[in-house]
$ cat coords.tsv   # TSV, C-alpha atoms
chain	number	residue	atom	x	y	z
A	1	ARG	CA	35.59	-45.01	12.05
A	2	ASN	CA	33.61	-47.15	14.38
A	3	GLY	CA	34.68	-50.51	15.76
A	4	ALA	CA	33.43	-52.51	12.78
A	5	GLY	CA	35.79	-50.79	10.36
A	6	VAL	CA	33.04	-48.81	8.62
A	7	SER	CA	33.08	-45.03	8.75
A	8	ILE	CA	30.04	-43.04	9.80
A	9	SER	CA	29.82	-41.51	6.33
A	10	GLN	CA	29.64	-45.00	4.81
A	11	ARG	CA	26.94	-46.17	7.22
A	12	TYR	CA	24.83	-42.99	6.96
A	13	PRO	CA	24.91	-41.24	3.62
A	14	VAL	CA	25.09	-37.44	3.60
A	15	ASN	CA	21.45	-36.95	2.61
A	16	VAL	CA	20.25	-39.02	5.60
A	17	ARG	CA	22.39	-36.99	8.00
A	18	ARG	CA	21.14	-33.70	6.50
A	19	ASN	CA	17.52	-34.81	6.68
A	20	SER	CA	17.82	-35.75	10.34
A	21	LEU	CA	19.40	-32.37	11.11
A	22	GLN	CA	16.81	-30.63	9.01
A	23	THR	CA	13.90	-32.26	10.88
A	24	CYS	CA	15.59	-31.38	14.12
A	25	PHE	CA	15.40	-27.68	13.29
A	26	GLU	CA	12.13	-27.59	11.35
A	27	SER	CA	10.11	-27.01	14.48
A	28	GLN	CA	12.25	-23.99	15.37
A	29	PRO	CA	10.92	-20.64	14.10
A	30	VAL	CA	13.10	-19.04	11.48
A	31	VAL	CA	13.77	-15.37	12.10
A	32	LYS	CA	15.57	-13.55	9.37
A	33	ARG	CA	18.20	-11.01	10.25
A	34	LYS	CA	16.19	-8.10	8.84
A	35	GLN	CA	13.13	-9.07	10.89
A	36	PHE	CA	15.21	-9.47	14.02
A	37	ILE	CA	16.96	-6.13	13.62
A	38	SER	CA	13.75	-4.23	12.83
A	39	GLY	CA	12.05	-5.82	15.84
A	40	PHE	CA	15.04	-5.09	18.03
A	41	LEU	CA	15.26	-1.46	16.93
A	42	ALA	CA	11.53	-1.02	17.37
A	43	SER	CA	11.70	-2.21	20.95
A	44	SER	CA	11.24	0.37	23.64
A	45	LEU	CA	14.90	0.07	24.66
A	46	PHE	CA	15.94	2.59	22.05
A	47	LEU	CA	13.03	4.99	22.27
A	48	PRO	CA	12.93	8.15	24.37
A	49	ALA	CA	10.83	8.02	27.50
A	50	GLY	CA	7.10	8.36	26.92
A	51	ILE	CA	7.19	7.22	23.28
A	52	SER	CA	6.01	3.75	22.40
A	53	VAL	CA	5.80	1.81	19.17
A	54	ALA	CA	2.21	1.27	18.12
A	55	LYS	CA	1.76	-2.39	17.35
A	56	THR	CA	-1.51	-3.52	15.87
A	57	ASP	CA	-3.06	-6.57	17.38
A	58	PRO	CA	-4.61	-9.35	15.25
A	59	TYR	CA	-8.16	-8.22	16.09
A	60	THR	CA	-7.53	-4.69	14.85
A	61	GLU	CA	-5.82	-5.90	11.67
A	62	LEU	CA	-8.58	-8.35	10.77
A	63	THR	CA	-11.39	-5.95	11.65
A	64	THR	CA	-9.79	-3.13	9.65
A	65	SER	CA	-9.42	-5.42	6.64
A	66	LEU	CA	-13.02	-6.57	7.01
A	67	ILE	CA	-14.27	-2.97	7.16
A	68	LYS	CA	-12.27	-2.03	4.06
A	69	ASN	CA	-13.53	-5.02	2.07
A	70	LEU	CA	-17.15	-4.53	3.15
A	71	ARG	CA	-16.96	-0.88	2.09
A	72	GLN	CA	-15.64	-1.87	-1.33
A	73	SER	CA	-18.50	-4.33	-1.64
A	74	MET	CA	-21.03	-1.64	-0.66
A	75	ASP	CA	-19.48	0.74	-3.22
A	76	ALA	CA	-19.88	-1.86	-5.96
A	77	GLU	CA	-23.45	-2.57	-4.87
A	78	GLU	CA	-24.31	1.13	-4.84
A	79	ALA	CA	-22.75	1.63	-8.30
A	80	LYS	CA	-25.12	-1.07	-9.60
A	81	LYS	CA	-22.26	-3.13	-11.01
A	82	PRO	CA	-23.12	-6.54	-12.48
A	83	ILE	CA	-23.65	-9.34	-9.94
A	84	PHE	CA	-20.51	-11.25	-11.02
A	85	GLU	CA	-18.34	-8.15	-10.39
A	86	ILE	CA	-19.93	-7.57	-7.00
A	87	ARG	CA	-19.33	-11.21	-6.01
A	88	LYS	CA	-15.72	-10.96	-7.18
A	89	ILE	CA	-15.19	-7.83	-5.08
A	90	ALA	CA	-17.07	-9.33	-2.14
A	91	SER	CA	-15.00	-12.53	-2.10
A	92	ASP	CA	-12.29	-10.84	0.03
A	93	ALA	CA	-14.95	-9.60	2.41
A	94	SER	CA	-16.36	-13.11	2.56
A	95	LYS	CA	-12.96	-14.57	3.51
A	96	ASP	CA	-12.42	-11.92	6.18
A	97	THR	CA	-15.97	-12.44	7.47
A	98	LYS	CA	-15.47	-16.18	7.87
A	99	GLN	CA	-12.14	-15.66	9.63
A	100	TRP	CA	-13.59	-12.94	11.88
A	101	ILE	CA	-16.59	-15.10	12.85
A	102	ASN	CA	-14.41	-18.17	13.48
A	103	THR	CA	-11.96	-16.20	15.59
A	104	TYR	CA	-14.11	-13.64	17.39
A	105	GLY	CA	-17.74	-14.63	16.74
A	106	ASN	CA	-18.58	-15.82	20.25
A	107	LYS	CA	-15.68	-14.46	22.26
A	108	PRO	CA	-14.92	-10.79	21.82
A	109	PRO	CA	-11.38	-9.75	22.70
A	110	ILE	CA	-11.04	-7.48	25.70
A	111	GLN	CA	-10.15	-4.43	23.60
A	112	ALA	CA	-13.02	-4.91	21.14
A	113	GLY	CA	-15.98	-3.10	22.74
A	114	GLU	CA	-17.94	-0.88	20.35
A	115	SER	CA	-16.17	-2.08	17.19
A	116	TYR	CA	-17.10	-5.67	17.98
A	117	ASN	CA	-20.77	-4.79	18.46
A	118	SER	CA	-20.88	-2.74	15.25
A	119	ILE	CA	-19.29	-5.49	13.15
A	120	ARG	CA	-21.64	-8.11	14.61
A	121	GLU	CA	-24.56	-5.85	13.77
A	122	VAL	CA	-23.35	-5.46	10.15
A	123	LEU	CA	-22.85	-9.19	9.70
A	124	SER	CA	-26.23	-9.96	11.25
A	125	GLU	CA	-28.00	-7.47	8.97
A	126	LEU	CA	-26.31	-8.90	5.88
A	127	GLY	CA	-27.01	-12.46	6.99
A	128	ARG	CA	-30.70	-11.77	7.61
A	129	PHE	CA	-31.08	-9.98	4.28
A	130	TYR	CA	-29.42	-12.68	2.18
A	131	GLN	CA	-31.19	-15.46	4.07
A	132	LYS	CA	-34.56	-13.84	3.39
A	133	ASN	CA	-33.93	-12.66	-0.19
A	134	GLY	CA	-31.34	-15.07	-1.56
A	135	PRO	CA	-27.63	-14.66	-2.34
A	136	GLN	CA	-28.16	-12.98	-5.73
A	137	SER	CA	-30.36	-10.17	-4.37
A	138	ARG	CA	-29.31	-6.56	-4.56
A	139	LEU	CA	-29.08	-4.62	-1.32
A	140	PRO	CA	-31.57	-1.76	-0.91
A	141	GLN	CA	-30.12	1.71	-0.38
A	142	GLU	CA	-31.46	1.92	3.21
A	143	LEU	CA	-29.54	-1.22	4.15
A	144	ILE	CA	-26.37	0.05	2.46
A	145	ASP	CA	-26.66	3.31	4.43
A	146	SER	CA	-27.24	1.41	7.68
A	147	ILE	CA	-24.22	-0.82	7.03
A	148	ARG	CA	-22.02	2.17	6.19
A	149	ALA	CA	-23.05	3.87	9.46
A	150	SER	CA	-22.18	0.75	11.44
A	151	LEU	CA	-18.85	0.39	9.63
A	152	ASP	CA	-18.05	4.04	10.40
A	153	ALA	CA	-18.87	3.44	14.06
A	154	ALA	CA	-16.64	0.35	14.14
A	155	GLU	CA	-13.77	2.20	12.48
A	156	ASP	CA	-14.11	5.16	14.85
A	157	ALA	CA	-14.05	2.79	17.82
A	158	LEU	CA	-10.92	1.07	16.48
A	159	ASN	CA	-9.15	4.37	15.88
A	160	SER	CA	-10.03	5.75	19.29
A	161	SER	CA	-8.71	2.75	21.21
$ encode --input "coords.tsv" --output "structure tokens"
Amino acid sequence: RNGAGVSISQRYPVNVRRNSLQTCFESQPVVKRKQFISGFLASSLFLPAGISVAKTDPYTELTTSLIKNLRQSMDAEEAKKPIFEIRKIASDASKDTKQWINTYGNKPPIQAGESYNSIREVLSELGRFYQKNGPQSRLPQELIDSIRASLDAAEDALNSS
């Protein structure tokens, strides 16, 4: 009780106290026990000398996803599937493309190198083609082959780094 004869619980209902505590901790990252333990066990503290845990960086993850989705789109284009199916398949590639351009379009990460140049080349080729011929146009086989070669080069560069 405080000096006025009113208890804290009477002045501040339970839900107000919980909400203030909740907002206090909302800005703190929540790490679940399983995530913590797996991260802790994966740390180099428990590994023999000379062995390291391969962690993929955000650039590699996004670029790998973009390559996979662009390949699926090229496969659909080459199979002469209907336009609506191709657009449905290509929507994931479109999302990855936008994210890749927004994140890495003008500032390549240090580790990027050849993969960065190959992906930029692919996106430029596709952009020029669709700008010239319209978004509903089918890709010619020569362009599909060129894009596949650039995607292979980008993937090889990612795997070799």
$ closest_residue --input "coords.tsv" --among "A:Ile86, A:Pro108, A:Asn117, A:Glu155" --to "Lys68 in chain A" --atoms "all atoms listed in the file"
A:Glu155
$ closest_residue --input "coords.tsv" --among "A:Leu139, A:Leu62, A:Ile147, A:Ala154" --to "Glu78 in chain A" --atoms "only C-alpha atoms"
A:Leu139
$ atom_distance --input "coords.tsv" --atom1 "CA of Met74 in chain A" --atom2 "CA of Glu121 in chain A"
15.4 Å
$ residues_around --input "coords.tsv" --residues "range 81-84 of chain A" --least-positions-apart "3" --cutoff "9 Å" --atoms "all atoms listed in the file" --output "mmCIF file with C-alpha atoms, keeping the file's coordinate frame"
data_model
loop_
_atom_site.group_PDB
_atom_site.id
_atom_site.type_symbol
_atom_site.label_atom_id
_atom_site.label_comp_id
_atom_site.auth_asym_id
_atom_site.auth_seq_id
_atom_site.Cartn_x
_atom_site.Cartn_y
_atom_site.Cartn_z
ATOM 1 C CA ALA A 76 -19.880 -1.860 -5.960
ATOM 2 C CA GLU A 77 -23.450 -2.570 -4.870
ATOM 3 C CA GLU A 78 -24.310 1.130 -4.840
ATOM 4 C CA ARG A 87 -19.330 -11.210 -6.010
ATOM 5 C CA LYS A 88 -15.720 -10.960 -7.180
ATOM 6 C CA ILE A 89 -15.190 -7.830 -5.080
ATOM 7 C CA GLN A 136 -28.160 -12.980 -5.730
ATOM 8 C CA SER A 137 -30.360 -10.170 -4.370
ATOM 9 C CA ARG A 138 -29.310 -6.560 -4.560
#
$ closest_residue --input "coords.tsv" --among "A:Ser146, A:Thr103, A:Thr63, A:Ser91" --to "Glu125 in chain A" --atoms "all atoms listed in the file"
A:Ser146
$ residues_around --input "coords.tsv" --residues "Asp152 in chain A" --least-positions-apart "2" --cutoff "12 Å" --atoms "all atoms listed in the file" --output "PDB file with C-alpha atoms, in the frame of the given file"
ATOM      1  CA  THR A  64      -9.790  -3.130   9.650  1.00  0.00           C
ATOM      2  CA  ILE A  67     -14.270  -2.970   7.160  1.00  0.00           C
ATOM      3  CA  LYS A  68     -12.270  -2.030   4.060  1.00  0.00           C
ATOM      4  CA  LEU A  70     -17.150  -4.530   3.150  1.00  0.00           C
ATOM      5  CA  ARG A  71     -16.960  -0.880   2.090  1.00  0.00           C
ATOM      6  CA  GLU A 114     -17.940  -0.880  20.350  1.00  0.00           C
ATOM      7  CA  SER A 115     -16.170  -2.080  17.190  1.00  0.00           C
ATOM      8  CA  SER A 118     -20.880  -2.740  15.250  1.00  0.00           C
ATOM      9  CA  ILE A 119     -19.290  -5.490  13.150  1.00  0.00           C
ATOM     10  CA  VAL A 122     -23.350  -5.460  10.150  1.00  0.00           C
ATOM     11  CA  ASP A 145     -26.660   3.310   4.430  1.00  0.00           C
ATOM     12  CA  SER A 146     -27.240   1.410   7.680  1.00  0.00           C
ATOM     13  CA  ILE A 147     -24.220  -0.820   7.030  1.00  0.00           C
ATOM     14  CA  ARG A 148     -22.020   2.170   6.190  1.00  0.00           C
ATOM     15  CA  ALA A 149     -23.050   3.870   9.460  1.00  0.00           C
ATOM     16  CA  SER A 150     -22.180   0.750  11.440  1.00  0.00           C
ATOM     17  CA  ALA A 154     -16.640   0.350  14.140  1.00  0.00           C
ATOM     18  CA  GLU A 155     -13.770   2.200  12.480  1.00  0.00           C
ATOM     19  CA  ASP A 156     -14.110   5.160  14.850  1.00  0.00           C
ATOM     20  CA  ALA A 157     -14.050   2.790  17.820  1.00  0.00           C
ATOM     21  CA  LEU A 158     -10.920   1.070  16.480  1.00  0.00           C
ATOM     22  CA  ASN A 159      -9.150   4.370  15.880  1.00  0.00           C
TER      23      ASN A 159
END
$ residues_around --input "coords.tsv" --residues "Gly105 in chain A" --least-positions-apart "5" --cutoff "10 Å" --atoms "all atoms listed in the file" --output "list in words"
Thr97, Lys98, Gln99, Trp100, Tyr116, Ile119 and Arg120 of chain A
$ atom_distance --input "coords.tsv" --atom1 "CA of Glu85 in chain A" --atom2 "CA of Leu143 in chain A"
19.6 Å
$ closest_residue --input "coords.tsv" --among "A:Leu126, A:Ala153, A:Ala79, A:Ala93" --to "Ser65 in chain A" --atoms "all atoms listed in the file"
A:Ala93
$ atom_distance --input "coords.tsv" --atom1 "CA of Asn69 in chain A" --atom2 "CA of Asp96 in chain A"
8.1 Å
$ decode --input "coords.tsv" --residues "range 86-128 of chain A" --atoms "C-alpha atoms" --output "tab-separated table (two decimals), in the first residue's frame"
chain	number	residue	atom	x	y	z
A	86	ILE	CA	4.73	-18.52	-66.94
A	87	ARG	CA	3.78	-15.32	-65.07
A	88	LYS	CA	2.69	-17.38	-62.07
A	89	ILE	CA	6.02	-19.21	-62.04
A	90	ALA	CA	7.95	-16.00	-62.67
A	91	SER	CA	6.30	-14.12	-59.79
A	92	ASP	CA	8.84	-15.57	-57.30
A	93	ALA	CA	11.66	-14.56	-59.61
A	94	SER	CA	10.14	-11.10	-59.83
A	95	LYS	CA	10.07	-10.74	-56.03
A	96	ASP	CA	13.67	-11.93	-55.72
A	97	THR	CA	14.72	-9.64	-58.57
A	98	LYS	CA	13.21	-6.58	-56.90
A	99	GLN	CA	14.82	-7.47	-53.58
A	100	TRP	CA	18.19	-8.17	-55.22
A	101	ILE	CA	18.13	-4.86	-57.14
A	102	ASN	CA	17.06	-2.88	-54.07
A	103	THR	CA	19.72	-4.47	-51.90
A	104	TYR	CA	22.66	-4.98	-54.26
A	105	GLY	CA	21.80	-3.12	-57.48
A	106	ASN	CA	24.31	-0.29	-57.12
A	107	LYS	CA	26.57	-1.58	-54.38
A	108	PRO	CA	27.96	-5.06	-54.87
A	109	PRO	CA	29.05	-6.83	-51.70
A	110	ILE	CA	32.75	-7.50	-51.38
A	111	GLN	CA	32.38	-11.25	-51.94
A	112	ALA	CA	30.15	-10.88	-55.01
A	113	GLY	CA	32.59	-10.57	-57.93
A	114	GLU	CA	31.70	-12.72	-60.95
A	115	SER	CA	28.26	-13.77	-59.66
A	116	TYR	CA	27.24	-10.14	-59.28
A	117	ASN	CA	28.29	-9.29	-62.84
A	118	SER	CA	26.51	-12.34	-64.26
A	119	ILE	CA	23.25	-11.61	-62.45
A	120	ARG	CA	23.36	-7.95	-63.51
A	121	GLU	CA	23.89	-9.09	-67.09
A	122	VAL	CA	20.86	-11.45	-66.89
A	123	LEU	CA	18.62	-8.78	-65.42
A	124	SER	CA	19.77	-6.22	-67.98
A	125	GLU	CA	19.10	-8.60	-70.87
A	126	LEU	CA	15.63	-9.41	-69.58
A	127	GLY	CA	14.88	-5.75	-68.92
A	128	ARG	CA	15.95	-4.68	-72.41
